[in-house]
>>> print(open('final.txt').read())   # compact mmCIF, C-alpha atoms
# COMPACT_ATOMS: atom_id res chain seq x y z
CA MET Y 289 -17.31 -17.35 14.58
CA LYS Y 290 -16.46 -13.67 14.12
CA HIS Y 291 -18.86 -11.31 12.36
CA VAL Y 292 -17.40 -8.92 9.78
CA ASN Y 293 -19.85 -6.01 9.80
CA ILE Y 294 -19.38 -4.05 6.58
CA LEU Y 295 -20.85 -0.56 6.96
CA LEU Y 296 -22.29 0.61 3.65
CA PHE Y 297 -23.57 4.02 2.55
CA ASP Y 298 -24.76 5.35 -0.79
CA ASP Y 299 -21.98 5.81 -3.34
CA PHE Y 300 -19.47 3.53 -1.60
CA THR Y 301 -16.78 2.01 -3.85
CA THR Y 302 -17.82 -1.58 -4.56
CA LEU Y 303 -14.34 -3.12 -4.52
CA ASP Y 304 -13.50 -1.40 -1.21
CA ALA Y 305 -16.22 -3.48 0.43
CA LEU Y 306 -16.36 -6.61 -1.69
CA GLY Y 307 -12.60 -7.13 -2.11
CA PRO Y 308 -12.03 -7.66 1.64
CA ALA Y 309 -15.38 -9.49 1.87
CA GLU Y 310 -14.08 -12.02 -0.64
CA VAL Y 311 -10.90 -12.49 1.43
CA PHE Y 312 -12.84 -13.08 4.66
CA GLY Y 313 -15.33 -15.23 2.76
CA ARG Y 314 -12.55 -17.71 2.00
CA LEU Y 315 -12.47 -18.57 5.72
CA LYS Y 316 -16.16 -19.35 6.27
CA GLU Y 317 -15.37 -21.40 9.36
CA TYR Y 318 -13.99 -18.27 11.07
CA TYR Y 319 -15.86 -15.30 9.57
CA GLU Y 320 -19.45 -14.43 8.70
CA ILE Y 321 -20.03 -11.37 6.52
CA LYS Y 322 -22.85 -8.96 7.41
CA PHE Y 323 -23.77 -5.90 5.35
CA ILE Y 324 -25.09 -3.09 7.51
CA SER Y 325 -26.10 0.56 7.12
CA ILE Y 326 -27.43 3.31 9.34
CA THR Y 327 -31.04 2.88 8.16
CA GLY Y 328 -30.99 -0.62 6.66
CA GLY Y 329 -32.44 -1.46 3.24
CA ILE Y 330 -30.96 -1.18 -0.24
CA ILE Y 331 -27.68 0.74 -0.50
CA SER Y 332 -26.29 1.73 -3.91
CA GLY Y 333 -22.57 1.55 -4.57
CA SER Y 334 -20.37 2.24 -7.54
CA ALA Y 335 -20.76 0.22 -10.74
CA GLY Y 336 -24.54 0.12 -10.19
CA VAL Y 337 -24.25 -2.40 -7.36
CA LYS Y 338 -27.16 -2.56 -4.91
CA ILE Y 339 -26.86 -4.42 -1.60
CA ASP Y 340 -29.63 -5.17 0.89
CA THR Y 341 -28.37 -4.20 4.35
CA LYS Y 342 -29.50 -4.67 7.93
CA GLN Y 343 -29.91 -1.65 10.18
CA ILE Y 344 -27.04 -1.11 12.63
CA SER Y 345 -29.43 -1.74 15.53
CA GLU Y 346 -29.65 -5.36 14.28
CA ILE Y 347 -25.92 -6.07 14.73
CA GLN Y 348 -25.55 -9.28 16.71
CA GLN Y 349 -21.80 -9.21 17.37
CA ASN Y 350 -19.41 -6.23 17.32
CA ASP Y 351 -16.36 -8.22 16.25
CA ILE Y 352 -14.91 -6.62 13.13
CA LEU Y 353 -16.17 -3.38 11.58
CA LEU Y 354 -15.14 -2.60 8.00
CA ILE Y 355 -15.69 0.84 6.47
CA PRO Y 356 -15.20 1.24 2.71
CA GLY Y 357 -14.48 4.51 0.95
CA GLY Y 358 -16.02 6.07 -2.11
CA PHE Y 359 -17.48 9.36 -3.25
CA GLY Y 360 -20.20 9.01 -0.60
CA THR Y 361 -17.60 9.85 2.05
CA ARG Y 362 -17.47 13.44 0.76
CA LYS Y 363 -20.97 14.10 2.11
CA LEU Y 364 -20.67 11.95 5.21
CA VAL Y 365 -17.72 13.87 6.69
CA THR Y 366 -20.22 16.66 7.39
CA ASP Y 367 -23.05 14.39 8.59
CA SER Y 368 -22.92 14.58 12.38
CA ASN Y 369 -25.53 11.83 12.85
CA PHE Y 370 -23.55 9.40 10.69
CA LEU Y 371 -20.27 10.29 12.42
CA SER Y 372 -21.83 9.78 15.87
CA ALA Y 373 -23.19 6.38 14.85
CA LEU Y 374 -19.83 5.42 13.33
CA ARG Y 375 -17.98 6.48 16.45
CA LEU Y 376 -20.21 4.35 18.66
CA LEU Y 377 -19.96 1.36 16.31
CA ALA Y 378 -16.17 1.62 16.15
CA GLU Y 379 -15.83 1.98 19.92
CA GLU Y 380 -18.00 -1.09 20.45
CA SER Y 381 -16.15 -3.16 17.84
CA GLU Y 382 -13.22 -5.38 18.72
CA LEU Y 383 -11.37 -4.45 15.51
CA VAL Y 384 -11.92 -1.70 12.92
CA LEU Y 385 -10.75 -1.82 9.30
CA SER Y 386 -11.12 0.95 6.74
CA VAL Y 387 -10.40 1.03 3.04
CA CYS Y 388 -9.52 4.07 0.97
CA THR Y 389 -11.36 7.25 2.07
CA GLY Y 390 -13.14 5.26 4.78
CA SER Y 391 -10.26 6.46 6.96
CA ALA Y 392 -11.46 10.05 6.40
CA LEU Y 393 -14.69 9.10 8.18
CA LEU Y 394 -12.80 7.56 11.09
CA ALA Y 395 -10.52 10.60 11.22
CA LYS Y 396 -13.40 13.09 11.12
CA SER Y 397 -15.07 11.28 14.02
CA GLY Y 398 -11.89 11.70 16.09
CA LEU Y 399 -11.22 7.96 16.36
CA LEU Y 400 -7.78 8.22 14.76
CA ASN Y 401 -6.49 11.11 16.87
CA ASN Y 402 -2.82 10.51 17.76
CA ARG Y 403 -2.85 7.28 15.75
CA LYS Y 404 -1.01 6.28 12.58
CA ALA Y 405 -3.22 5.83 9.51
CA THR Y 406 -3.20 5.94 5.73
CA SER Y 407 -5.66 6.40 2.89
CA ASN Y 408 -6.19 6.69 -0.86
CA LYS Y 409 -3.28 8.47 -2.52
CA ILE Y 410 -5.35 10.20 -5.23
CA SER Y 411 -7.56 11.78 -2.54
CA TRP Y 412 -4.68 12.22 -0.09
CA GLU Y 413 -4.88 16.00 0.43
CA TRP Y 414 -8.63 15.92 0.96
CA VAL Y 415 -8.36 13.05 3.46
CA ILE Y 416 -5.56 14.49 5.59
CA ASN Y 417 -7.38 17.84 5.76
CA GLN Y 418 -10.25 16.10 7.58
CA ASN Y 419 -8.13 15.84 10.73
CA GLN Y 420 -4.60 17.11 11.36
CA GLU Y 421 -4.35 15.22 14.66
CA VAL Y 422 -3.83 11.92 12.82
CA ASN Y 423 -0.29 10.73 12.08
CA TRP Y 424 -0.88 10.19 8.35
CA ILE Y 425 1.59 7.80 6.69
CA ASN Y 426 1.69 8.54 2.97
CA LYS Y 427 4.04 5.76 1.83
CA ALA Y 428 2.11 2.95 3.53
CA ARG Y 429 -0.07 0.45 1.70
CA TRP Y 430 -1.84 -0.21 5.00
CA VAL Y 431 -1.24 0.75 8.61
CA VAL Y 432 -2.02 -1.03 11.88
CA ASP Y 433 -2.35 1.01 15.08
CA GLY Y 434 -4.00 -0.76 17.99
CA LYS Y 435 -7.34 -2.14 16.87
CA TYR Y 436 -7.39 0.07 13.76
CA TYR Y 437 -6.31 -1.11 10.30
CA THR Y 438 -6.42 1.56 7.57
CA SER Y 439 -5.52 1.00 3.93
CA SER Y 440 -4.66 3.00 0.88
CA GLY Y 441 -6.98 3.08 -2.14
CA ILE Y 442 -9.40 0.42 -3.37
CA THR Y 443 -7.31 -2.72 -4.12
CA ALA Y 444 -5.17 -1.96 -1.05
CA GLY Y 445 -8.20 -3.15 0.92
CA ILE Y 446 -7.53 -6.66 -0.39
CA ASP Y 447 -3.87 -6.35 0.63
CA MET Y 448 -4.88 -5.14 4.10
CA ALA Y 449 -7.45 -7.93 4.51
CA LEU Y 450 -4.77 -10.48 3.61
CA GLY Y 451 -2.41 -8.75 6.06
CA PHE Y 452 -5.12 -9.00 8.73
CA ILE Y 453 -5.51 -12.73 8.02
CA SER Y 454 -1.72 -13.13 8.23
CA ASP Y 455 -1.72 -11.32 11.61
CA LYS Y 456 -4.65 -13.26 13.08
CA HIS Y 457 -3.96 -16.70 11.53
CA ASN Y 458 -0.61 -16.94 9.76
CA ASN Y 459 1.19 -15.91 6.59
CA GLU Y 460 0.64 -19.24 4.86
CA VAL Y 461 -3.14 -18.96 5.26
CA ALA Y 462 -3.04 -15.46 3.74
CA LYS Y 463 -0.84 -16.63 0.85
CA ASN Y 464 -3.18 -19.53 0.14
CA ILE Y 465 -6.16 -17.16 -0.01
CA SER Y 466 -4.21 -14.85 -2.32
CA LYS Y 467 -3.43 -17.81 -4.58
CA SER Y 468 -7.06 -18.98 -4.56
CA LEU Y 469 -8.08 -15.47 -5.68
CA GLU Y 470 -5.32 -15.48 -8.34
CA TYR Y 471 -4.28 -12.17 -6.79
CA ILE Y 472 -0.72 -10.85 -6.45
CA TRP Y 473 -0.61 -9.76 -2.82
CA ASN Y 474 1.40 -6.62 -2.02
CA GLU Y 475 2.73 -8.03 1.26
CA ASN Y 476 4.84 -5.03 2.23
CA LYS Y 477 2.44 -2.79 4.16
CA GLU Y 478 5.04 -0.03 4.36
CA ASN Y 479 5.33 0.46 0.61
CA ASP Y 480 2.42 1.65 -1.52
CA PRO Y 481 3.52 1.78 -5.19
CA PHE Y 482 0.93 4.52 -5.76
CA ALA Y 483 2.34 6.87 -3.11
>>> encode(input="final.txt", output="structure tokens")
Amino acid sequence: MKHVNILLFDDFTTLDALGPAEVFGRLKEYYEIKFISITGGIISGSAGVKIDTKQISEIQQNDILLIPGGFGTRKLVTDSNFLSALRLLAEESELVLSVCTGSALLAKSGLLNNRKATSNKISWEWVINQNQEVNWINKARWVVDGKYYTSSGITAGIDMALGFISDKHNNEVAKNISKSLEYIWNENKENDPFA
């Protein structure tokens, strides 16, 4: 059983976190979802959502780390304590997934240096200015480079999570999850219609 540790922070975008969580949640025999934060406790996201999180020190397995985006990332790119904690978490994790401007946090921490990555297209200029040493791919819906998966904006996180399931299980499993969600999966990771 792999743990999907979803790292939350105030003002995260709800769908960035919960869209992929729903995808992983369809394979309960393989994945267990854990909501974590730097300090633990209640974290407030967009749409008035509040989620009770465990402190990062309580992580039991560093299998999959997922970092959402959201307006909260604007402050966190200058928070050296958060970036240090994120860097350590990512280095200890087997796989790291980010949605939307979550990739700005990975980039700012230096984890994406000399790697390919993508991000939200509306916030594109802001994201790429966080670190010029990343090989930013504008046209991509999601990008895989080593253990890092980065996606474009918001709903692209669902596409990336399905792509991850396709990579780790098979395409049929991913398509069945997409169908169960009544979601039209953008399977082509190289083509973001919003780019």
>>> atom_distance(input="final.txt", atom1="atom CA of Ser332 of chain Y", atom2="atom CA of Ala309 of chain Y")
16.7 Å
>>> atom_distance(input="final.txt", atom1="atom CA of Asp298 of chain Y", atom2="atom CA of Ser345 of chain Y")
18.4 Å
>>> residues_around(input="final.txt", residues="Asp304 of chain Y", least_positions_apart="3", cutoff="6 Å", atoms="all atoms listed in the file", output="PyMOL selection string")
chain Y and resi 301+307+356+387+442+445
>>> atom_distance(input="final.txt", atom1="atom CA of Ala378 of chain Y", atom2="atom CA of Leu393 of chain Y")
11.0 Å
>>> closest_residue(input="final.txt", among="Y:Ser407, Y:Ser325, Y:Ser386, Y:Thr361", to="Ala449 of chain Y", atoms="all atoms listed in the file")
Y:Ser386
>>> closest_residue(input="final.txt", among="Y:Ile339, Y:Ala444, Y:Gly451, Y:Leu383", to="Thr302 of chain Y", atoms="only C-alpha atoms")
Y:Ile339
>>> residues_around(input="final.txt", residues="Leu295 of chain Y", least_positions_apart="4", cutoff="7 Å", atoms="only C-alpha atoms", output="number ranges by chain")
Y: 323-325, 354-355
>>> residues_near_point(input="final.txt", point="(-4.3, 9.3, -7.1)", cutoff="9 Å", atoms="only C-alpha atoms", output="list of chain:residue names")
Y:Asn408, Y:Lys409, Y:Ile410, Y:Ser411, Y:Trp412, Y:Gly441, Y:Phe482, Y:Ala483
>>> closest_residue(input="final.txt", among="Y:Ser368, Y:Asn419, Y:Thr443, Y:Asn350", to="Cys388 of chain Y", atoms="all atoms listed in the file")
Y:Thr443
>>> closest_residue(input="final.txt", among="Y:Ser397, Y:Ser466, Y:Gln349, Y:Ser391", to="Ser372 of chain Y", atoms="only C-alpha atoms")
Y:Ser397
>>> build_atoms(input="final.txt", residues="segment 416-448 of chain Y", atoms="N, CA and C atoms", output="CSV table (one decimal), keeping the file's coordinate frame")
chain,number,residue,atom,x,y,z
Y,416,ILE,N,-6.4,14.0,4.4
Y,416,ILE,CA,-5.6,14.5,5.6
Y,416,ILE,C,-6.1,15.8,6.1
Y,417,ASN,N,-6.8,16.6,5.3
Y,417,ASN,CA,-7.4,17.8,5.8
Y,417,ASN,C,-8.6,17.6,6.6
Y,418,GLN,N,-9.1,16.4,6.7
Y,418,GLN,CA,-10.2,16.1,7.6
Y,418,GLN,C,-9.9,16.1,9.1
Y,419,ASN,N,-8.6,15.8,9.3
Y,419,ASN,CA,-8.1,15.8,10.7
Y,419,ASN,C,-6.6,15.9,10.8
Y,420,GLN,N,-6.1,17.0,11.3
Y,420,GLN,CA,-4.6,17.1,11.4
Y,420,GLN,C,-4.0,16.4,12.6
Y,421,GLU,N,-4.8,15.9,13.5
Y,421,GLU,CA,-4.4,15.2,14.7
Y,421,GLU,C,-4.0,13.7,14.4
Y,422,VAL,N,-4.2,13.3,13.2
Y,422,VAL,CA,-3.8,11.9,12.8
Y,422,VAL,C,-2.4,11.9,12.3
Y,423,ASN,N,-1.6,10.9,12.6
Y,423,ASN,CA,-0.3,10.7,12.1
Y,423,ASN,C,-0.4,10.0,10.7
Y,424,TRP,N,-0.7,10.8,9.7
Y,424,TRP,CA,-0.9,10.2,8.4
Y,424,TRP,C,0.4,9.7,7.8
Y,425,ILE,N,0.4,8.4,7.3
Y,425,ILE,CA,1.6,7.8,6.7
Y,425,ILE,C,1.3,7.6,5.2
Y,426,ASN,N,2.0,8.5,4.4
Y,426,ASN,CA,1.7,8.5,3.0
Y,426,ASN,C,2.2,7.3,2.2
Y,427,LYS,N,3.4,6.8,2.6
Y,427,LYS,CA,4.0,5.8,1.8
Y,427,LYS,C,3.4,4.4,2.1
Y,428,ALA,N,2.6,4.3,3.1
Y,428,ALA,CA,2.1,3.0,3.5
Y,428,ALA,C,1.0,2.4,2.6
Y,429,ARG,N,1.0,1.1,2.4
Y,429,ARG,CA,-0.1,0.4,1.7
Y,429,ARG,C,-1.2,0.2,2.7
Y,430,TRP,N,-0.9,-0.2,3.9
Y,430,TRP,CA,-1.8,-0.2,5.0
Y,430,TRP,C,-1.1,0.0,6.3
Y,431,VAL,N,-1.8,0.4,7.3
Y,431,VAL,CA,-1.2,0.8,8.6
Y,431,VAL,C,-2.1,0.1,9.7
Y,432,VAL,N,-1.4,-0.5,10.7
Y,432,VAL,CA,-2.0,-1.0,11.9
Y,432,VAL,C,-1.6,-0.2,13.1
Y,433,ASP,N,-2.6,0.3,13.8
Y,433,ASP,CA,-2.4,1.0,15.1
Y,433,ASP,C,-3.4,0.6,16.1
Y,434,GLY,N,-3.0,-0.2,17.0
Y,434,GLY,CA,-4.0,-0.8,18.0
Y,434,GLY,C,-5.0,-1.6,17.3
Y,435,LYS,N,-6.3,-1.3,17.5
Y,435,LYS,CA,-7.3,-2.1,16.9
Y,435,LYS,C,-7.7,-1.6,15.5
Y,436,TYR,N,-7.1,-0.6,15.0
Y,436,TYR,CA,-7.4,0.1,13.8
Y,436,TYR,C,-6.4,-0.4,12.6
Y,437,TYR,N,-7.0,-0.8,11.5
Y,437,TYR,CA,-6.3,-1.1,10.3
Y,437,TYR,C,-6.9,-0.1,9.3
Y,438,THR,N,-6.0,0.7,8.6
Y,438,THR,CA,-6.4,1.6,7.6
Y,438,THR,C,-5.6,1.2,6.3
Y,439,SER,N,-6.2,1.3,5.2
Y,439,SER,CA,-5.5,1.0,3.9
Y,439,SER,C,-5.6,2.1,2.9
Y,440,SER,N,-4.7,2.1,2.0
Y,440,SER,CA,-4.7,3.0,0.9
Y,440,SER,C,-5.9,2.7,0.0
Y,441,GLY,N,-5.8,3.1,-1.3
Y,441,GLY,CA,-7.0,3.1,-2.1
Y,441,GLY,C,-7.4,1.7,-2.7
Y,442,ILE,N,-8.7,1.5,-2.7
Y,442,ILE,CA,-9.4,0.4,-3.4
Y,442,ILE,C,-8.8,-1.0,-3.2
Y,443,THR,N,-7.9,-1.4,-4.2
Y,443,THR,CA,-7.3,-2.7,-4.1
Y,443,THR,C,-6.4,-2.9,-2.9
Y,444,ALA,N,-6.0,-1.8,-2.3
Y,444,ALA,CA,-5.2,-2.0,-1.0
Y,444,ALA,C,-6.0,-2.6,0.1
Y,445,GLY,N,-7.3,-2.5,-0.1
Y,445,GLY,CA,-8.2,-3.2,0.9
Y,445,GLY,C,-8.0,-4.7,0.9
Y,446,ILE,N,-7.8,-5.2,-0.3
Y,446,ILE,CA,-7.5,-6.7,-0.4
Y,446,ILE,C,-6.2,-7.0,0.3
Y,447,ASP,N,-5.2,-6.2,0.0
Y,447,ASP,CA,-3.9,-6.4,0.6
Y,447,ASP,C,-4.0,-6.3,2.2
Y,448,MET,N,-4.7,-5.3,2.7
Y,448,MET,CA,-4.9,-5.1,4.1
Y,448,MET,C,-5.6,-6.3,4.7
